[in-house]
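As structure tokens, the structure follows; a few thoughts come after it.
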Amino acid sequence: MRELQFIRTGRLEWRERSAPVLREARDAIVRPIVAGRCDGDTLPIHRHVSRAMQLGMRAGLIDSVVGSICGPVPFRGPFGIGHECVAEVTEVGEDITTLRRGDVVVVPWAVSCGDCRECRLGLTAKCSTTRTSTLAAFGFGQASGPWGGMVADLLRIPFADHMLVPVPAGVDPLRVAAASDNLSDAWRCVVPGLRVRPAGKVLVLGGAAQSIGLYAAGLAVRHGAEVVDYVDHRRERLDIAEKLGARPHSTASKGKLRLADIPRSDYDIVVEGTSTAAGVDAALRSLAPGGFCQPVGYYLPVGTKVPLMHMYANDATLKIGVSHTRPILPELLEFVAREDFPAELVTTLTADWDEAPEAYKARTTKLVLHRTPLHAVAVGEGSA
């Protein structure tokens, strides 16, 4: 079968790998029909980072945990890429009771069992059953397990009754293409905080976390935030933020965020998506007393500075960590269906599945690949 593989910066190819088969009674085989490109995937595709990151870890300049996720030479090809997809179920193990052939489901990016202590705590990206290193995940290479990438003809999903979440009837899979990761990541950044501080003010610092910031802005608007300010340097994303109901604010230039670029300093929630220490500092200094800051980018250098004294004086909360998608998905998908949330506004390029090697390299905010389902449930009709 075919799998889209990252070969090196600027080069991706379809390559053959063994087709998956049912190994355990709780397995399912699924066929991805929609795949989103995660914001983080663009790092190795557009920049020559593998060798530099290896040297950085050796010199103690980059945290060594990166190697446990992406390998000792991070993002070194070839490896199957992609970890956001909506798929149709093609085969189920004998112990599967909640799924049947033809169901349309979201596949979380992290592989989890649903039964271990971490999963019961909602920390499904840290499942102790499935991971042998820092993460068990699709699309990061062998260091994160043997799962391959999601842009593939077929995938084997363990613990499928737990892992796979049906797309509600009437929801177009293209709308929830990023639910496996980026859309769920945005949800956890703003929705819990707005429940604690209803009608709060929200700031989103866009940039490296290209689509996450936009989804967060749209979700904040729909969840009743009094103010949603979106700050970025790129016109494409500023326009999308405005369509989602946020107030766009342009920075002077890429990578040079200043506190002066931020409209105010009394936000209840700040989503930090620049992946820079300066962005974290500006985010924390923009909080109202008792506010929440959620960084969602990659912060690779050791010793990233955080203004602890300012946080102490302002009673600020900094929460950072990988996204635990599986516990979020049922509520998120129900919200999208009920509120007709237009997550597809963030998609800037939709391409045919066969075009993946070229399309995946596009310098655009959110790429989504799609192909026709095999079974009776059509794209746009949801699962039966």
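We label chains A, B, ... in the order they appear in the structure tokens, count residues from 1 in each chain, and number ligands from 1 in the order shown.
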* Selection: 10 Å around range 67-74 of chain A, only C-alpha atoms, excl. self and same-chain fewer than 5 positions, as a PyMOL selection string -> chain A and resi 44+49-55+57-58+62+132-137+139-145
Excluding Trp14 in chain A and its own-chain neighbours fewer than 4 positions away, which residues fall within 6 Å of it when counting only C-alpha atoms? Please give them as a short mmCIF file (atom, residue, chain, number, x, y, z; two decimals) with C-alpha atoms, in the first residue's frame.
data_model
loop_
_atom_site.label_atom_id
_atom_site.label_comp_id
_atom_site.auth_asym_id
_atom_site.auth_seq_id
_atom_site.Cartn_x
_atom_site.Cartn_y
_atom_site.Cartn_z
CA ARG A 2 1.03 3.66 -0.39
CA GLU A 3 2.14 5.96 2.40
CA LEU A 4 3.21 9.60 2.04
#
Compile a residue-level contact table for range 46-163 of chain A against range 325-332 of chain A at a cut-off of 12 Å, reporting for every qualifying residue the shortest atom pair and its distance in Å to one decimal, with only C-alpha atoms counted, rows ordered by chain and ascending number, as CSV.
residue,atom,partner,partner_atom,distance
A:His83,CA,A:Thr325,CA,11.7
A:Glu84,CA,A:Thr325,CA,10.9
A:Val105,CA,A:Leu329,CA,10.6
A:Val106,CA,A:Leu329,CA,8.2
A:Val107,CA,A:Arg326,CA,8.6
A:Pro108,CA,A:Arg326,CA,6.0
A:Trp109,CA,A:Thr325,CA,7.5
A:Ala110,CA,A:Thr325,CA,7.6
A:Val111,CA,A:Arg326,CA,9.3
A:Ser112,CA,A:Arg326,CA,8.5
A:Cys113,CA,A:Arg326,CA,10.4
A:Gly114,CA,A:Arg326,CA,9.0
A:Glu118,CA,A:Pro327,CA,11.8
A:Cys119,CA,A:Pro327,CA,8.8
A:Arg120,CA,A:Pro327,CA,9.6
A:Leu121,CA,A:Pro327,CA,9.6
A:Gly122,CA,A:Pro327,CA,6.1
A:Leu123,CA,A:Pro327,CA,8.4
A:Thr124,CA,A:Arg326,CA,6.7
A:Ala125,CA,A:Thr325,CA,7.7
A:Lys126,CA,A:Thr325,CA,11.2
A:Cys127,CA,A:Arg326,CA,11.3
A:Ala137,CA,A:Thr325,CA,11.7
A:Ala160,CA,A:Arg326,CA,11.7
A:Asp161,CA,A:Arg326,CA,11.7
A:His162,CA,A:Arg326,CA,8.5
A:Met163,CA,A:Arg326,CA,6.9
* To do: Considering only C-alpha atoms, return as a count of residues only whatever protein or nucleic-acid residues lie within 10 Å of Asp268 in chain A, sequence-local ones (same chain, fewer than 2 positions apart) excluded.
  => 25
* To do: With a distance cut-off of 6 Å and only C-alpha atoms, select the neighbouring residues of Thr251 in chain A, excluding the residue or stretch itself and same-chain residues fewer than 5 positions from it, and output the selection as a ChimeraX atom specification.
  => /A:232-233,261
For the residues selected in the previous step, produce a file with N, CA and C atoms as a PDB file, in the first residue's frame.
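Below is the file result-v8.pdb, written as the result:
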ATOM      1  N   ASP A 232      -0.873  38.972  14.370  1.00  0.00           N
ATOM      2  CA  ASP A 232      -0.067  38.174  13.443  1.00  0.00           C
ATOM      3  C   ASP A 232       0.593  39.118  12.435  1.00  0.00           C
ATOM      4  N   HIS A 233       1.563  38.572  11.688  1.00  0.00           N
ATOM      5  CA  HIS A 233       2.222  39.372  10.665  1.00  0.00           C
ATOM      6  C   HIS A 233       1.713  39.042   9.266  1.00  0.00           C
ATOM      7  N   ASP A 261       3.005  45.623  20.238  1.00  0.00           N
ATOM      8  CA  ASP A 261       2.119  45.102  19.199  1.00  0.00           C
ATOM      9  C   ASP A 261       0.791  44.596  19.771  1.00  0.00           C
TER      10      ASP A 261
END
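Using only C-alpha atoms, the contacts of Gly77 in chain A at a cut-off of 8 Å, with sequence neighbours closer than 6 positions omitted, comprise Gln5, Phe6, Ile7 and Arg8 of chain A.
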* For Arg17 in chain A: contacts at 10 Å, only C-alpha atoms, fewer than 5 positions along chain excluded, given as a PyMOL selection string -> chain A and resi 1-3+80+148+152-153
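Counting only C-alpha atoms, the residue from A:Ala246, A:Val86, A:Leu183, A:Cys38 that sits nearest to Thr364 in chain A is A:Cys38.
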* Looking only at strand (DSSP E or B) from DSSP on the backbone, list the matching residues of range 132-244 of chain A as a ChimeraX atom specification. => /A:137,152,155-157,165-166,201-205,227-232
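Between Ser184 in chain A and the residues A:Leu345, A:Leu374, A:Ile212, A:Ala356, the shortest atom-to-atom distance, using only C-alpha atoms, involves A:Ile212.
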